[in-house]
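Listing of coords_25.csv, CSV, C-alpha atoms and all ligand atoms
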```csv
chain,number,residue,atom,x,y,z
A,1,MET,CA,143.4,160.3,102.1
A,2,LYS,CA,141.1,158.4,104.5
A,3,LYS,CA,139.7,155.1,103.1
A,4,ARG,CA,136.0,155.2,102.3
A,5,VAL,CA,133.9,152.5,104.1
A,6,ALA,CA,130.4,151.2,103.3
A,7,ILE,CA,128.7,149.0,105.9
A,8,LEU,CA,126.0,146.5,105.0
A,9,ILE,CA,123.5,145.5,107.7
A,10,SER,CA,120.2,143.6,108.0
A,11,GLY,CA,118.9,144.5,111.4
A,12,GLY,CA,119.7,146.6,114.5
A,13,GLY,CA,123.2,147.6,113.4
A,14,SER,CA,125.0,147.5,116.8
A,15,ASN,CA,128.3,146.5,115.0
A,16,MET,CA,127.8,149.3,112.5
A,17,VAL,CA,127.4,151.8,115.3
A,18,ALA,CA,130.6,150.4,117.0
A,19,LEU,CA,132.5,150.8,113.7
A,20,ALA,CA,131.2,154.3,112.9
A,21,ARG,CA,131.9,155.5,116.5
A,22,ASP,CA,135.5,154.3,116.2
A,23,MET,CA,135.9,156.0,112.8
A,24,ALA,CA,134.7,159.3,114.3
A,25,GLY,CA,138.0,159.8,116.0
A,26,ASP,CA,141.6,159.8,114.6
A,27,HIS,CA,141.3,156.9,112.1
A,28,PRO,CA,142.5,155.9,108.6
A,29,ALA,CA,139.0,155.5,107.3
A,30,ARG,CA,135.5,157.1,107.4
A,31,PRO,CA,132.0,155.7,106.9
A,32,VAL,CA,130.4,156.9,103.6
A,33,LEU,CA,127.3,154.7,103.4
A,34,VAL,CA,125.2,152.3,105.4
A,35,MET,CA,123.0,149.9,103.4
A,36,ALA,CA,120.4,147.4,104.4
A,37,ASN,CA,118.5,144.7,102.5
A,38,ASP,CA,115.4,145.5,104.7
A,39,PRO,CA,114.0,149.1,104.6
A,40,ALA,CA,112.7,148.4,108.2
A,41,ALA,CA,116.2,147.7,109.5
A,42,ALA,CA,116.5,149.7,112.8
A,43,GLY,CA,120.2,150.4,112.0
A,44,LEU,CA,119.3,152.7,109.1
A,45,ALA,CA,117.9,155.3,111.5
A,46,ARG,CA,120.9,154.9,113.8
A,47,ALA,CA,123.2,155.6,110.9
A,48,ARG,CA,121.3,158.7,109.9
A,49,ASP,CA,121.3,159.9,113.6
A,50,MET,CA,125.1,159.6,113.3
A,51,GLY,CA,125.1,161.7,110.1
A,52,ILE,CA,125.9,158.8,107.8
A,53,ASP,CA,124.2,158.4,104.4
A,54,ALA,CA,121.8,155.4,104.7
A,55,ALA,CA,119.9,153.5,102.1
A,56,ALA,CA,117.9,150.3,101.6
A,57,VAL,CA,117.7,147.8,98.7
A,58,ASP,CA,114.9,145.5,99.6
A,59,HIS,CA,115.8,141.9,98.5
A,60,ARG,CA,112.2,140.6,98.6
A,61,PRO,CA,110.9,142.2,95.3
A,62,PHE,CA,113.8,140.3,93.5
A,63,ARG,CA,112.2,137.0,94.5
A,64,GLY,CA,115.4,135.1,94.9
A,65,ASP,CA,117.1,136.6,91.8
A,66,ARG,CA,120.4,137.3,93.7
A,67,ALA,CA,122.2,138.7,90.6
A,68,ALA,CA,119.5,141.3,90.1
A,69,PHE,CA,119.4,142.2,93.8
A,70,GLU,CA,123.2,142.6,93.8
A,71,ALA,CA,123.1,144.7,90.7
A,72,ALA,CA,120.8,147.1,92.5
A,73,LEU,CA,123.1,147.0,95.6
A,74,MET,CA,126.2,147.7,93.4
A,75,ALA,CA,124.5,150.6,91.7
A,76,ARG,CA,124.0,152.3,95.1
A,77,LEU,CA,127.5,151.3,96.3
A,78,GLN,CA,129.1,152.8,93.2
A,79,GLU,CA,127.6,156.2,94.0
A,80,ALA,CA,129.4,156.1,97.3
A,81,ALA,CA,132.6,154.6,95.8
A,82,PRO,CA,133.8,152.8,99.0
A,83,ASP,CA,137.3,151.4,99.2
A,84,ILE,CA,136.3,148.8,101.9
A,85,LEU,CA,133.0,147.0,102.5
A,86,CYS,CA,132.1,145.8,106.0
A,87,LEU,CA,129.4,143.2,106.4
A,88,ALA,CA,127.9,143.8,109.9
A,89,GLY,CA,125.0,141.5,110.7
A,90,PHE,CA,124.2,141.3,106.9
A,91,MET,CA,122.2,138.2,106.5
A,92,ARG,CA,122.1,137.7,102.7
A,93,VAL,CA,124.6,135.2,101.2
A,94,LEU,CA,126.4,137.0,98.3
A,95,THR,CA,127.2,135.4,95.0
A,96,GLU,CA,130.7,134.4,93.9
A,97,GLY,CA,130.5,137.2,91.3
A,98,PHE,CA,129.8,139.9,93.9
A,99,VAL,CA,132.5,138.6,96.2
A,100,ALA,CA,135.0,138.5,93.4
A,101,ARG,CA,134.5,142.2,92.8
A,102,TRP,CA,135.3,143.1,96.4
A,103,GLN,CA,137.8,140.3,97.1
A,104,GLY,CA,140.6,141.6,99.5
A,105,ARG,CA,138.5,144.6,100.6
A,106,MET,CA,135.4,143.1,102.1
A,107,LEU,CA,135.2,142.0,105.8
A,108,ASN,CA,132.6,140.2,107.8
A,109,ILE,CA,132.0,139.5,111.5
A,110,HIS,CA,130.8,136.1,112.5
A,111,PRO,CA,129.7,135.1,116.0
A,112,SER,CA,131.8,132.0,116.5
A,113,LEU,CA,135.5,131.0,116.7
A,114,LEU,CA,135.8,130.0,113.0
A,115,PRO,CA,136.3,127.5,111.5
A,116,LYS,CA,133.9,126.2,114.1
A,117,TYR,CA,130.2,126.8,113.5
A,118,ARG,CA,129.9,128.4,110.1
A,119,GLY,CA,126.4,129.5,109.3
A,120,LEU,CA,123.5,130.2,111.7
A,121,ASP,CA,122.6,129.4,115.4
A,122,THR,CA,126.3,129.5,116.5
A,123,HIS,CA,125.5,130.1,120.2
A,124,ALA,CA,123.1,127.2,120.5
A,125,ARG,CA,125.5,124.9,118.7
A,126,ALA,CA,128.4,125.8,121.0
A,127,LEU,CA,126.2,125.1,124.0
A,128,ALA,CA,124.9,121.8,122.5
A,129,ALA,CA,128.5,120.7,121.9
A,130,GLY,CA,129.4,121.5,125.5
A,131,ASP,CA,132.2,124.0,124.5
A,132,ALA,CA,134.1,125.7,127.4
A,133,GLU,CA,134.8,128.8,125.3
A,134,HIS,CA,133.2,130.6,122.4
A,135,GLY,CA,133.6,133.9,120.6
A,136,CYS,CA,133.6,135.9,117.4
A,137,THR,CA,135.7,136.2,114.3
A,138,VAL,CA,136.4,139.0,111.7
A,139,HIS,CA,137.5,137.6,108.4
A,140,GLU,CA,138.0,138.6,104.8
A,141,VAL,CA,135.0,137.5,102.7
A,142,THR,CA,135.7,134.8,100.1
A,143,PRO,CA,133.2,132.8,97.9
A,144,ALA,CA,132.9,130.0,100.6
A,145,LEU,CA,130.5,131.1,103.4
A,146,ASP,CA,132.3,132.2,106.6
A,147,ASP,CA,135.6,130.9,105.3
A,148,GLY,CA,138.1,133.7,104.4
A,149,PRO,CA,141.4,134.6,106.0
A,150,ILE,CA,141.0,135.4,109.7
A,151,LEU,CA,141.8,139.0,110.6
A,152,GLY,CA,140.7,138.8,114.3
A,153,GLN,CA,139.2,136.6,117.0
A,154,ALA,CA,138.0,137.2,120.5
A,155,ARG,CA,137.1,134.5,123.1
A,156,VAL,CA,134.6,134.4,125.9
A,157,PRO,CA,133.9,131.7,128.5
A,158,VAL,CA,130.8,129.6,128.3
A,159,LEU,CA,129.3,129.7,131.8
A,160,PRO,CA,127.2,127.1,133.6
A,161,GLY,CA,123.5,127.7,132.9
A,162,ASP,CA,124.1,129.9,129.9
A,163,SER,CA,121.3,130.2,127.4
A,164,PRO,CA,122.0,131.0,123.7
A,165,ALA,CA,120.8,134.6,124.5
A,166,ASP,CA,123.3,134.9,127.4
A,167,LEU,CA,126.1,133.7,125.2
A,168,ALA,CA,125.1,136.0,122.3
A,169,ALA,CA,125.1,139.0,124.6
A,170,ARG,CA,128.6,138.1,126.0
A,171,VAL,CA,129.9,137.6,122.4
A,172,LEU,CA,128.4,140.8,121.1
A,173,VAL,CA,130.4,142.9,123.6
A,174,GLU,CA,133.5,141.4,122.2
A,175,GLU,CA,132.3,141.9,118.6
A,176,HIS,CA,132.0,145.7,119.3
A,177,ARG,CA,135.6,145.7,120.5
A,178,LEU,CA,137.1,143.4,117.9
A,179,TYR,CA,135.5,144.7,114.6
A,180,PRO,CA,136.6,148.3,115.1
A,181,ALA,CA,140.1,147.2,116.1
A,182,VAL,CA,140.4,145.0,113.0
A,183,LEU,CA,139.0,147.7,110.6
A,184,ARG,CA,141.4,150.3,112.0
A,185,ARG,CA,144.3,148.0,111.3
A,186,PHE,CA,143.0,146.8,108.0
A,187,ALA,CA,142.3,150.4,106.7
A,188,SER,CA,146.0,151.3,107.5
A,189,GLY,CA,147.1,148.4,105.2
A,190,ASP,CA,148.0,146.0,108.0
A,191,ARG,CA,146.5,142.5,107.6
A,192,ARG,CA,148.1,140.9,110.7
A,193,PRO,CA,145.4,139.2,112.7
A,194,ILE,CA,144.3,140.5,116.1
A,195,LEU,CA,143.9,137.4,118.4
A,196,THR,CA,142.7,138.3,121.9
A,197,PRO,CA,142.9,135.5,124.4
B,201,LIG,C1,125.9,139.9,115.4
B,201,LIG,O1,126.1,138.9,116.4
B,201,LIG,C2,126.7,139.4,114.2
B,201,LIG,O2,127.9,138.7,114.5
B,201,LIG,C3,125.8,138.5,113.5
B,201,LIG,O3,124.5,139.2,113.6
B,201,LIG,C4,124.5,139.9,114.8
B,201,LIG,C5,124.0,141.3,114.4
B,201,LIG,O4,124.2,142.2,115.2
B,201,LIG,N1,126.1,138.3,112.1
B,201,LIG,P1,124.0,143.8,114.8
B,201,LIG,O5,123.0,143.9,113.7
B,201,LIG,O6,125.3,144.3,114.4
B,201,LIG,O7,123.5,144.4,116.1
```
Go ahead and express the file in the form of structure tokens.
Ligand code: GRF
Amino acid sequence: MKKRVAILISGGGSNMVALARDMAGDHPARPVLVMANDPAAAGLARARDMGIDAAAVDHRPFRGDRAAFEAALMARLQEAAPDILCLAGFMRVLTEGFVARWQGRMLNIHPSLLPKYRGLDTHARALAAGDAEHGCTVHEVTPALDDGPILGQARVPVLPGDSPADLAARVLVEEHRLYPAVLRRFASGDRRPILTP
């Protein structure tokens, strides 16, 4: 039986598309739901175009009440009954309670070589530090932000004259390769990390 995967997004959803496209082939999992915390997230329409159920739970009406927002998120998730949750450009920080319910079956992609540059603005920070290389990481989600066991990393060179946007674009190409590869392995029960040079 294929593993059921739900994908949480906040914006364009290019990682979501990469995951869903890979799952369209011979794969141990299939996408059952794409959810966004913003009804205007462009990724929702992209998911529907791929024939995937898509829904939004707008976080704003909850006015910072994260538990109430997550209860609404969980209600919609339970209808889809996913085995695995993939955070793909999902920009809300989840509570410990929510994370505990999905521990060991929730993944996230982060645009840096963790443990370097947890949080935001990773590309600008790597440039400001004068790093020679940068990249992205897929990890299991734990209560501490951007901190869980690493399941995959991909590296890119930092080139002279790079802007944060240049670097982001170079890293995004690797994200679209790494995340599907990690999910394919993870969904088959293999937690060995994929570390590309
Ligand atoms: C990606 O770089 C991801 O690593 C970060 O947000 C960006 C979102 O991209 N968390 P998309 O929405 O998947 O296109």
| message | Which residues are near ligand LIG 201 (chain B) in this structure, taking near to mean any atom at most 9 Å from a ligand atom and counting all atoms listed in the file? Format them as a ChimeraX atom specification. | response | /A:9-18,41-43,87-91,108-112,120,136-138,168-169,171-172,175-176
| task | Give the answer as one residue: which of A:Ala129, A:Leu107, A:Ala72, A:Ala45 has the shortest atom-to-atom distance to Asp58 (chain A), using all atoms listed in the file? | result |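 Selected residue with least distance to Asp58 (chain A): A:Ala72.
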| Of the candidates A:Arg4, A:Arg118, A:Arg155, A:His27, which shows the shortest atom-to-atom distance to Gly135 (chain A), using only C-alpha atoms? |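 So, comparing all the options, the nearest one is A:Arg155.
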| request: Skip Pro157 (chain A) itself and residues of its chain fewer than 4 positions away, then list as a list in words all residues within 8 Å of it, counting all atoms listed in the file. | output: Ala132, Glu133 and His134 of chain A
| What is the distance between CA of Asp38 (chain A) and CA of Ala56 (chain A), in Å to one decimal? |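 Rounded to one decimal, the two atoms are 6.2 Å apart.
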| request: Find the distance between CA of Pro143 (chain A) and CA of Cys86 (chain A) and write it in Å to one decimal. | output: 15.4 Å
| Could you work out how far CA of Gly119 (chain A) lies from CA of Leu85 (chain A), giving the answer in Å with one decimal? |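 Interatomic distance, CA of Leu85 (chain A) to CA of Gly119 (chain A): 19.9 Å.
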